[in-house]
Structures are given as C-alpha cells and as structure tokens.
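Participant: Got a structure here, written out as structure tokens. Questions coming.
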Amino acid sequence: MSETVIKCESVYKIFGENAKKMLEESNGNVDAKTFQERGCIVGVNNASFEVAKGEMLVVMGLSGSGKSTLLRCISRLTDATGGKIFIEGQDLLELNNKELIELRRNKMGMVFQSFALLPHKTVVENIAFPLQIKGTNTEESISRAMEMVKLVGLDGRENYFPRELSGGQQQRVGIARSLAVEPDIWFLDEPFSALDPLIRKEMQDEFLRLQEKLQKTIMFITHDFDEALKLADRIAIMKDGIIEQLDTPANIVLNPATEYVRKFTEEVPREKVLIIEDVMDASSKDNLGDLKVSKDEIIENVAEKILTQEKLVGVVDSNNNIVGSIKPSKIIDTVFGGRKNGS
Amino acid sequence: MEYLKKYPKLFQWLFLLIVFFALCFAIDVPETYKFIRGQAEFVKDPNQSVYFFLGKEVRYYAFDVFWRLPPLLGWLPIWINDSLFFLMNEWMPMEFWNEDTQEFKTRPLLLEISRNLTSFMTFLIELIREILLGGLETIVAFTSWDFIDAYPWLELPGLPWTIVAAGAAILSYKLSGKGLALFAGLTMIYISIFGQWKPSMQTLSFILVAAPLSFIFGLGLGIAAYKSKRVEKALYPILLVMQTMPQYAVLVPALVLFGVGDHAAVIITMVVAVPPMILLTILGLRAIPPEVIEAGRMSGCTNWQLMFKVLIPTARRDILIGVNQVIMVCFSMAVISAFIGAKGLGFNLLLALNQLNIGLALEAGLCISLIAILLDKMSLAWANKQTDYFGNLTFFQRNKNVIFFAASFVIGIIFAYVGTFIFKGSFNYLFEIPHNKGISTADFWNKGVDWIFDTFFVYIKAFNTWLIQDVLQPMRALYLRMPAVATLVLAVGAGYLIGGVRSALVVAALTLFIALSPWWDRALVTLYMATFGVVISCLIGFTVGTLCFQNKKSAAFMLGVCDIFQTFPSFVYLIPVMMLFGITDTSVLIAVIVYATIPATRYTIEGLRSVPVGLHEAATMSGVNKFQRLTKIEFPLAFPHMMLGLNQTIVFALFMVIIGAFIGTEDLGQYILKALSDKNGAGIGLTLGICVAFIGLIFDNLIRTWVGKRKKHLGID
C-alpha cells in the first residue's frame with residue numbers, strides 16, 4: 001500500500017461539561033445511553049482508520065450519526081475528546097495554533113454543505129480568499145483563482161456575487177476555493193446534499209472528473225448511500241458515532257457486517273455496483289468460450305453480452321492475461337439471487 | 001369546582017387580586033399622610049423622622065410601615081453625590097503640567113481626565129462645525145491668537161449651504177437613488193431658506209462626532225461580548241437598564257462629571273447610543289452560519305483575520321442597522337441635550353417652547369423631523385445596499401459621485417462669490433442664510449393657534465376640565481391609595497404566577513427598590529399617567545393595526561407611517577399638543593398616547609403578519625370566514641408578539657411621561673427636571689432614572705417571561 005496520510009486511533013468526541021473526565025473513567029468503553037443520562041452526548045465513539053494517499057474515503061451515515069463531527073475532529077474545527085489523529089505522521093492534537101493555521105493554509109481544503117461563501121466577495125475573490133489570507137499578493141492570487149474558475153467551469157461568471165448564482169454554481173465556487181491552495185487533503189462535508197437530484201448527478205460526475213485529474217486524498221461525507229457507492233474507494237458506515245463497517249463498496253454490498261448495514265444494501269442494484277472481479281471464479285480457467293471480459297468492468301455493462309453465451313466466459317486483467325472465469329448463470333444469481341450468497 | 005379544575009391559573013389570579021384589594025382596604029391612610037409636593041424632604045418639619053446611614057442624615061415622614069415603607073434608600077442619592085464629589089475633587093491628586101501658567105499644578109486625577117476628555121470632544125465638535133459654518137477656534141488650538149492676528153486670511157470660511165445640500169443629495173443618490181436624493185436636496189433647501197441652517201449644522205456636527213465614536217465603542221464591546229461569555233454576562237444588566245432608562249435621566253450625572261455644553265452632551269450621548277450598537281453587533285455575529293466561520297478557519301485565518309475579513313463583513317447588514325440605531329439615538333439625544341446646554345435645533349426648540357412661541361417651535365420641530373427622516377432613510381439605505389462589482393467600469397463611472405461633488409463644490413463657491421455682488425450690504429444668501437433671517441411662517445402659525453384657541457376655547461376647555469376632573473383626578477387618587485405592601489404583594493404574586501420563584505424574586509427586588517426610595521408617591525403618579533396612556537394607546541393601536549392588516553397595502557402603509565413617526569425625537573411630540581391644550585396634564589397624556597400608539601400598532605400588524613401562510617390556507621380550507629379566522633387563528637398566534645408590543649408601548653409611554661415633566665406634571669420626571677438645575681442633583685437624577693427604568697423592567701420581566709413560555713407552548717419562535 002502507498003503511504004498513509006490520515007490516521008485515526010480510537011478517536012472520541014463527547015459533548016458535555018465533564019466529557020473528558022467521564023471518558024477517562026470509562027476506559028474507552030463508551031456507552032451512549034449512560035453518558036446521555038449524565039448530560040453528555042456522544043458524537044464519535046472509538047473511531048480508528050487510515051486513509052492512504054490518493055484514496056477517497058466516503059463516510060456514510062444518517063443525520064446525527066456523527067459523520068460530520070468525525071470530519072471536524074480530523075480538520076480540528078473541534079478538538080477530539082480522546083484518541084490520536086495523525087496527518088502525514090504529525091500528531092494533529094499536539095499542534096499549537098500557529099502550526100495548525102500553517103497546516104490548514106497549505107495542506108487542507110474543505111467544502112461545505114451550505115457552500116459557506118463570503119457574501120461580500122465576488123466569485124474570483126472568494127476563490128482567492130485562502131490565498132490572500134496566506135499572504136499571496138493580489139495579482140498572483142487572482143490569476144491562480146482564475147485558473148480555478150476555469151477548472152470548475154465558471155468562466156465568464158468570475159465577477160458575479162454568490163447571491164447571483166444558482167446552488168450548483170455556488171458549490172462549484174466552494175470547490176474551487178477549497179482547491180485554490182492546492183491542498184493534499186480534501187475534506188467534503190455533504191457537498192451535494194443541498195442540490196437538486198439532476199444537478200447533484202452532474203456535480204458528482206464533475207467531481208469524479210476532477211479527482212481523476214488531481215488525485216487528492218479525500219474524506220467525503222454523505223448521507224446518500226448511492227452517492228457513496230458511486231464515488232468511494234472505501235466506505236465507512238457510521239451509526240450513533242460508531243463506525244459499523246469500513247470496506248470497499250463491493251464488499252459492503254456483498255458482505256454487510258451488521259444488520260444495520262444490510263438494510264442499506266438491500267435496495268442497491270448490484271449490477272451497478274459490482275465489477276466482474278467481485279463475482280468471478282478465480283479457480284477455473286479452462287473450457288472458456290470465445291468471449292472475454294475485463295475484470296474491472298461493471299456487471300451492468302457486460303451482462304447482456306455474457307448472458308448470450310452458453311459456455312464459461314473468460315475474465316482478463318489489463319494485460320489480457322486470463323485471471324478467472326464466470327458462468328452466465330452467475331450474473332442472474334447476482335442480480336436476482338439470494339441476498340447473502342453473493343460470492 | 002369544575003371550573004377550578006379547568007382553569008387553575010384563572011383562580012390563582014383571582015385570589016391574588018382579592019388579596020391585593022383586601023390589603024388595600026385593610027390598610028388605612030395614616031392621618032399624618034400628605035402627598036409631598038416640592039422638596040419637602042429637605043425641609044425640617046415637626047412630623048418628620050430622621051435616621052442616619054453611613055453618616056448621612058435622611059429625613060422622612062414616619063408613615064405606617066404598611067402604608068409607605070420608610071425611605072431606607074434615601075441615603076443613596078446623597079451618597080452618590082458625595083462619592084462623585086469626592087472622586088472629582090479629592091481622589092488621587094496628581095501633578096499635572098499646566099500649559100497656560102507654565103507650571104505644575106496639583107489636580108485630582110478624575111477631574112483632569114474629565115477636563116481632557118471634554119476638551120478633546122470640544123475640539124472635534126468645533127472642527128466639524130467650522131468646516132460647516134466657518135470659524136477660527138481649530139486653528140487657534142494648534143497655534144495662538146497672536147498668530148491669527150498676524151495672518152487674518154487664515155480664518156476658515158464655512159462651506160456654502162449649496163455645497164452641503166448638493167453633497168447630501170449626491171450621497172443619497174449613491175446610497176439609494178433618485179427619490180432619496182430629491183428628498184435630501186429639498187430638506188436641505190428647506191432648512192436653509194427657513195433660516196435654520198446654523199442650528200441644523202450645529203446639530204449635525206454633534207452627530208458627526210457622537211455617532212462614529214459610539215459606533216467604534218459599541219462594535220468593540222459587541223465583539224468582546226461575542227467572544228467572551230463573561231463579558232456578555234457583565235454587560236447584560238447594564239444593557240437592560242439602559243434600554244428602559246429615560247434618556248433624560250442620564251443627562252443629570254453628565255452635568256456633574258463633564259459640565260455644561262456640547263462636549264458633555266456628546267459623552268453622555270455615547271453612553272446612551274452604545275448599548276443598541278452592542279446588542280445589534282452581538283445579534284449580527286451570532287446570526288452568521290457556523291459553516292461560514294468554519295470555512296474561514298479552514299482557509300487558515302488567524303483570529304484577527306477571521307473577525308475582520310469573515311465575521312464582520314458577513315454580519316455587515318446587522319451591524320449597519322446598529323449604525324442606523326446609533327444615528328437615531330444620537331439625533332434624539334442631540335435634541336434633548338439642549339437641557340444641558342448643547343447648541344443646535346434642540347436648543348432653539350426649547351427656547352421657543354419656553355417663550356410659548358408655538359410657531360417658531362413648529363418650524364424647529366419640522367426641521368428636526370425632516371432631518372430625522374433623512375438620516376434614518378440614508379442609514380437604512382446604506383445597510384440594505386449590497387456590494388457591487390466595480391472592476392470593469394470606466395474611471396468616470398467608478399468615480400462619478402466624487403466628480404459630481406467636486407463639480408458642485410466649485411459651482412457652490414462660484415455661486416457664493418457671485419452672491420457677494422448681488423447681496424451687497426446685506427446677507428449673502430447664497431453663502432449662508434443666518435439664523436431667523438430666512439422666511440418664517442412662525443407668525444402664521446401663532447395666529448393660527450390663537451384662532452384655534454379663540455374659536456374652540458370653550459370646547460377644548462370643557463374637554464380638558466372633564467378629563468382632568470372626572471377621569472384623571474380620581475384615577476390618580478386611586479393609584480395614590482395603593483399601600484406599598486399591597487403593591488408589593490401584587491407584583492410578587494404576578495411574578496410568581498407568570499414565571500415562578502425566579503421572576504417573583506426579580507420583580508420583588510425591583511419593586512422594593514422603588515418602595516424604599518423616597519419617591520414611592522411620585523412613582524405611583526408616573527405609573528398612573530403611564531397606565532392611562534398605555535391603555536388608550538393599546539386600544540387604538542390594536543384596533544388600527546387589526547383594521548390595517550385586512551389589506552396588504554394599508555398594512556404596508558401603516559408600517560411606513562410608524563417608521564416615520566418613530567424617527568422623531570420624543571420631544572417633538574410636545575409641540576402640537578401644547579399648541580392645542582396648553583400646559584396641562586392633558587397635553588402630556590395626549591403626547592404619551594400618540595407616541596406610545598406607534599409600537600402598539602406596529603407590533604399588532606407584525607404579529608398578525610407573522611402567522612404562517614400554511615395556517616391561513618389550512619384555515620380557509622376548513623371553511624372559516626374572515627372573522628373566525630381572525631379570532632380563532634390569527635389572534636391567538638399573534639398574541640405573544642402583540643404582548644411584546646405592549647412591552648414597547650410601556651417603555652415609550654414612560655419615556656414620554658418623564659419628558660412631559662417639561663410641561664409640568666407631578667411625577668418622577670418633575671424631580672429629574674429639578675435635579676438638572678440643582679448642583680447636588682446628580683445623585684437624585686440618577687436614582688430617579690433607575691426608579692423609572694425599574695418600573696419599565698418590572699413589566700418587561702413579566703411580559704417577556706410570559707411571552708417566552710407562551711411561544712414555547714405554541715411552538716413558534
């Protein structure tokens with residue numbers, strides 16, 4: 001695996017007056033109910049995970065599940081009550097105010113659900129804001145901001161004010177602003193939740209296009225499971241502050257770890273999520289028919305071709321080496337079959 | 001029994017009232033009691049008792065303790081006076097270098113600070129006055145009279161009035177548009193032609209000093225309160241008292257600390273104008289969405305950058321509404337400060353009222369009202385104006401307002417110069433029209449007033465006599481018949497029924513303060529006048545508000561009228577009533593009613609408007625008629641907001657009653673007016689002011705607590 005950028009070790013965030021003391025007393029065994037009785041609310045409960053460079057981790061949960069709180073702990077907009085957070089090996093909680101500001105000015109960018117644009121600045125001024133805060137001179141920051149305007153496709157509107165833009169356009173500004181300082185780490189807090197479904201899809205595609213180009217390390221928060229499946233390298237599903245399962249989209253769909261996760265996966269159209277590799281049989285490579293499909297192909301795209309075959313279909317990797325095979329009936333099994341015998 | 005179970009609260013209230021009236025009847029008026037007129041407390045009288053507190057001798061009439069509590073707080077004003085005197089004249093003597101005598105002199109620290117502060121304020125005011133009206137003082141401040149004698153051309157000519165008028169119009173155009181520009185220009189021309197230029201510019205210079213200083217302090221304290229809970233907690237009670245304290249009452253201590261004149265008035269104006277600025281700053285900063293703050297933090301802002309580049313620009317509108325409030329308070333203080341010798345329109349108004357020259361007073365009053373409207377509209381337009389992008393405009397487009405002003409500056413000077421040829425030997429009307437040398441309609445108005453008096457004298461007199469003899473006198477007697485203990489029981493009971501123990505304690509403390517001061521009788525008279533005013537105002541306000549609400553246009557129109565009337569300094573309201581009813585309680589009460597009807601009407605309309613549209617539709621679909629909708633849906637939902645209106649109505653009424661003392665009423669205000677001309681008046685004035693503020697706060701506490709509970713109950717907020 002490539003290097004780890006974000007690393008969390010048993011992170012807790014508990015709101016309330018005696019939170020710190022109660023956490024110490026509980027020895028890491030936090031029960032939300034007993035805490036609530038004593039006036040504390042548990043936001044994040046024992047979160048441990050790592051995010052590798054260039055990886056996109058999507059944190060999925062319903063409202064109140066603590067996903068936004070977790071993100072705010074990692075960006076240190078709130079201080080975690082317990083545990084350790086490392087950003088590129090640096091202990092985040094040990095940083096003083098000045099070091100923290102330096103880190104944010106150079107390494108981090110964040111996009112917000114409500115866009116959070118400054119109403120008194122134009123599009124280009126909003127995008128240039130983090131640069132100007134850093135002390136970049138006006139000319140340079142504006143020309144850099146103009147590049148960003150082009151990147152998110154807002155050319156021609158750079159001198160508009162946020163109040164003159166639609167929601168989707170405003171969020172493009174928010175995205176451009178968060179990218180202006182060329183951060184390595186990109187936080188997105190439900191960036192598309194406030195948008196209409198059609199615009200949302202358009203923005204998701206746009207976002208994937210950007211990420212392909214930029215290859216940032218990303219933590220993406222959403223309450224939309226479909227969005228998580230569409231975007232994620234890995235998904236963390238949260239409930240009541242606890243990470244219920246952290247895995248690749250395919251594994252989550254095929255092997256839900258808890259009842260709660262399984263409820264989400266029930267309605268998911270598998271053929272749109274799973275790739276051939278997830279369902280192929282790697283042991284049998286003989287008696288193949290003429291058709292060969294790539295292991296990275298999404299099932300939906302090749303299902304029709306496979307179903308016309310009678311023989312086993314060969315699965316190949318990017319170098320055209322045969323890595324396994326798939327029975328046409330397997331496709332039918334996957335799409336229509338029982339819920340728990342996927343692979 | 002059935003009813004008792006159904007409406008337990010109702011019976012608790014009934015019980016409270018029964019106890020109150022029982023107490024009232026049980027406690028007899030002591031034979032020695034008489035309503036104290038004048039300064040009887042300070043005259044030796046065989047019936048008086050004396051007690052000593054902290055070495056201070058306090059005299060009082062030994063009433064029955066149930067009837068009137070002994071004035072155990074009688075030492076407070078004396079003590080305040082002595083402390084102030086000590087602080088000003090004896091505390092921390094230090095050596096200070098005296099520029100005039102070229103030697104060190106020993107002076108108390110506070111006196112020196114006060115003198116330096118006042119001379120600084122005087123300098124600022126003079127500077128602006130000289131720009132507007134011409135003069136020498138500022139130059140002398142930097143040089144000397146000898147220097148001026150040697151170079152007489154240094155004398156600063158004032159700006160010709162044409163330039164100021166053009167400037168006002170251009171600024172209005174930039175802020176709002178043609179309509180306001182026209183209004184600004186016409187106002188300025190009116191002021192000039194009617195010979196009110198000099199006092200108007202004096203008032204304006206006063207505001208131009210007081211408002212920016214108040215803004216800076218208010219913003220600073222507001223930010224401090226936003227950042228620190230502790231600062232906010234410390235400021236909160238002061239803000240609360242300042243909101244209900246009559247502006248009039250703070251003038252008195254200002255006299256002692258800073259003397260008489262514009263400088264004292266400016267300093268005390270700041271004391272009054274800063275609280276609303278603080279409140280609106282806190283409100284504005286609190287209203288910023290948390291994500292904007294987080295966005296600022298994630299952009300790597302330091303605390304300083306976050307405050308000045310993110311928070312304040314985002315809260316711009318609320319902060320500018322605060323500026324609007326500051327300007328309006330400064331303006332009304334500029335008028336009232338005439339009582340402590342501030343120059344300007346207020347002074348002329350006061351003079352004219354003292355001479356009973358209603359015509360002149362009316363002209364000054366109209367001038368004040370026009371300027372008030374203009375200042376209000378301009379500052380509101382500023383608050384509502386959104387930032388525009390100028391990057392792609394040409395140089396001329398970007399700077400056209402500056403260019404226009406420069407042009408009008410030149411033209412104005414040419415006009416003034418030409419004027420010297422046209423008006424040879426007389427006043428140069430194109431430069432400045434001297435005070436009272438313009439057109440005056442005073443005679444016309446005076447004759448009109450005389451005519452009204454001659455024609456309607458009988459009717460007005462009859463109405464007046466009826467009102468005073470058959471309504472006001474009995475009502476006053478009833479109020480004065482209220483024993484202190486019974487009133488205390490009533491207030492505490494009401495507090496307990498509405499807000500529980502906490503409210504009861506707060507109300508008890510406030511009532512006790514008034515009961516233990518030497519002015520319980522006066523407080524009751526104040527209360528009676530305020531009650532009379534409030535009841536009538538509410539009747540009018542609720543009716544008018546409800547009627548106007550039936551039609552969108554009339555509602556908007558009525559709110560506009562309220563807006564305009566609210567900008568007038570309260571003092572102005574005394575002019576027309578004095579015109580009609582002369583110097584009587586009736587005049588004051590009518591002024592109170594007019595003034596207090598504004599919030600009653602406004603809150604009624606706003607309350608009815610705030611009923612959600614969804615509910616309207618739901619009601620219509622259940623088939624209610626208009627009247628049913630009003631009584632079953634709109635009134636119950638709007639009632640909490642209307643009660644807030646009642647709260648405002650009470651505060652407005654109290655303010656007006658106090659100012660009414662100028663016409664001569666027998667309430668707390670009369671003593672405040674007396675304290676203004678008394679060298680030992682500071683303590684009395686301040687204590688009286690606190691008493692009035694506490695009357696307001698008692699009602700404020702009860703109403704707010706009730707409204708809070710009610711809103712929670714209804715689930716609206």
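Letters A, B, ... go to the chains of the structure tokens in the order shown; residues in each chain start at 1; ligands are counted from 1 in the same order.
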Need to verify the contact set: range 85-88 of chain A, 10 Å, only C-alpha atoms, exclusion of same-chain residues closer than 4 positions in sequence. Can you return it as a count of residues only?

Facilitator: 26

Participant: What are the closest atom pairs, with distances in Å to one decimal, for each residue of chain B lying within 8 Å of chain A, using only C-alpha atoms, rows by chain and rising residue number, as JSON lines?

Facilitator:
{"residue": "B:Pro289", "atom": "CA", "partner": "A:Ala116", "partner_atom": "CA", "distance": 7.7}
{"residue": "B:Glu291", "atom": "CA", "partner": "A:Ala116", "partner_atom": "CA", "distance": 5.5}
{"residue": "B:Val292", "atom": "CA", "partner": "A:Ala116", "partner_atom": "CA", "distance": 4.5}
{"residue": "B:Glu294", "atom": "CA", "partner": "A:Leu77", "partner_atom": "CA", "distance": 6.9}
{"residue": "B:Ala295", "atom": "CA", "partner": "A:Ala116", "partner_atom": "CA", "distance": 6.4}
{"residue": "B:Arg297", "atom": "CA", "partner": "A:Leu77", "partner_atom": "CA", "distance": 7.6}
{"residue": "B:Met298", "atom": "CA", "partner": "A:Arg104", "partner_atom": "CA", "distance": 5.8}
{"residue": "B:Ser299", "atom": "CA", "partner": "A:Pro130", "partner_atom": "CA", "distance": 4.7}
{"residue": "B:Gly300", "atom": "CA", "partner": "A:Arg105", "partner_atom": "CA", "distance": 4.8}
{"residue": "B:Cys301", "atom": "CA", "partner": "A:Ile133", "partner_atom": "CA", "distance": 6.2}
{"residue": "B:Thr302", "atom": "CA", "partner": "A:Ile101", "partner_atom": "CA", "distance": 7.1}
{"residue": "B:Gln305", "atom": "CA", "partner": "A:Ile133", "partner_atom": "CA", "distance": 7.5}
{"residue": "B:Val310", "atom": "CA", "partner": "A:Leu118", "partner_atom": "CA", "distance": 7.0}
{"residue": "B:Pro313", "atom": "CA", "partner": "A:His120", "partner_atom": "CA", "distance": 6.6}
{"residue": "B:Thr314", "atom": "CA", "partner": "A:Pro119", "partner_atom": "CA", "distance": 6.4}
{"residue": "B:Gln386", "atom": "CA", "partner": "A:His120", "partner_atom": "CA", "distance": 7.9}
{"residue": "B:Thr387", "atom": "CA", "partner": "A:His120", "partner_atom": "CA", "distance": 6.2}
{"residue": "B:Tyr389", "atom": "CA", "partner": "A:Asn159", "partner_atom": "CA", "distance": 6.8}

Participant: Need to verify the contact set: range 173-187 of chain B, 8 Å, only C-alpha atoms, exclusion of same-chain residues closer than 2 positions in sequence. Can you return it as number ranges by chain?

Facilitator: B: 165-166, 168-171, 189-191, 370-371, 374, 377-378, 381-382, 385, 401

Participant: Would you mind exporting the chosen residues as an mmCIF file, in the first residue's frame, restricted to C-alpha atoms?

Facilitator:
data_model
loop_
_atom_site.group_PDB
_atom_site.id
_atom_site.type_symbol
_atom_site.label_atom_id
_atom_site.label_comp_id
_atom_site.auth_asym_id
_atom_site.auth_seq_id
_atom_site.Cartn_x
_atom_site.Cartn_y
_atom_site.Cartn_z
ATOM 1 C CA ALA B 165 -27.075 70.417 0.098
ATOM 2 C CA ALA B 166 -25.532 69.042 -3.092
ATOM 3 C CA ALA B 168 -26.329 65.353 0.833
ATOM 4 C CA ALA B 169 -28.200 64.794 -2.435
ATOM 5 C CA ILE B 170 -25.257 63.025 -4.103
ATOM 6 C CA LEU B 171 -24.658 60.802 -1.098
ATOM 7 C CA ILE B 189 -33.057 73.766 0.871
ATOM 8 C CA TYR B 190 -35.971 73.995 3.283
ATOM 9 C CA ILE B 191 -33.600 74.156 6.244
ATOM 10 C CA LEU B 370 -37.136 66.185 8.361
ATOM 11 C CA ILE B 371 -33.520 65.655 9.346
ATOM 12 C CA LEU B 374 -33.413 61.860 6.158
ATOM 13 C CA LYS B 377 -33.584 56.657 5.378
ATOM 14 C CA MET B 378 -29.965 57.253 4.423
ATOM 15 C CA ALA B 381 -30.335 52.533 2.572
ATOM 16 C CA TRP B 382 -26.694 52.051 3.421
ATOM 17 C CA LYS B 385 -27.207 48.363 -0.133
ATOM 18 C CA ASN B 401 -20.100 60.690 -7.423
#

Participant: Skip Ser325 in chain A itself and residues of its chain fewer than 4 positions away, then list as a list in words all residues within 7 Å of it, counting only C-alpha atoms.

Facilitator: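 My list of contacting residues is Met280, Asp281, Ala282, Ser284, Lys285, Leu312, Val313, Gly314 and Val315 of chain A.
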
Participant: Between CA of Leu490 in chain B and CA of Leu16 in chain B, measure the distance and give it in Å to one decimal.

Facilitator: 6.7 Å

Participant: Find the residues around range 255-270 of chain B up to 9 Å (only C-alpha atoms counted), leave out those fewer than 5 positions away in its own chain, and share them as a PyMOL selection string.

Facilitator: chain B and resi 84-85+88+110-111+114-115+117-123+125+206-207+209-211+213-215+217+247+250+275+326+329-330+333-334+337-338+340-343+676+679-682

Participant: Which residue out of B:Ala591, B:Ile633, B:Leu688, B:Leu375 has the minimum interatomic distance to Leu608 in chain B when only C-alpha atoms are used?

Facilitator: B:Ile633

Participant: May I ask for the distance between CA of Asp678 in chain B and CA of Leu349 in chain B, given in Å to one decimal place?

Facilitator: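 Separating CA of Asp678 in chain B from CA of Leu349 in chain B is a distance of 22.5 Å.
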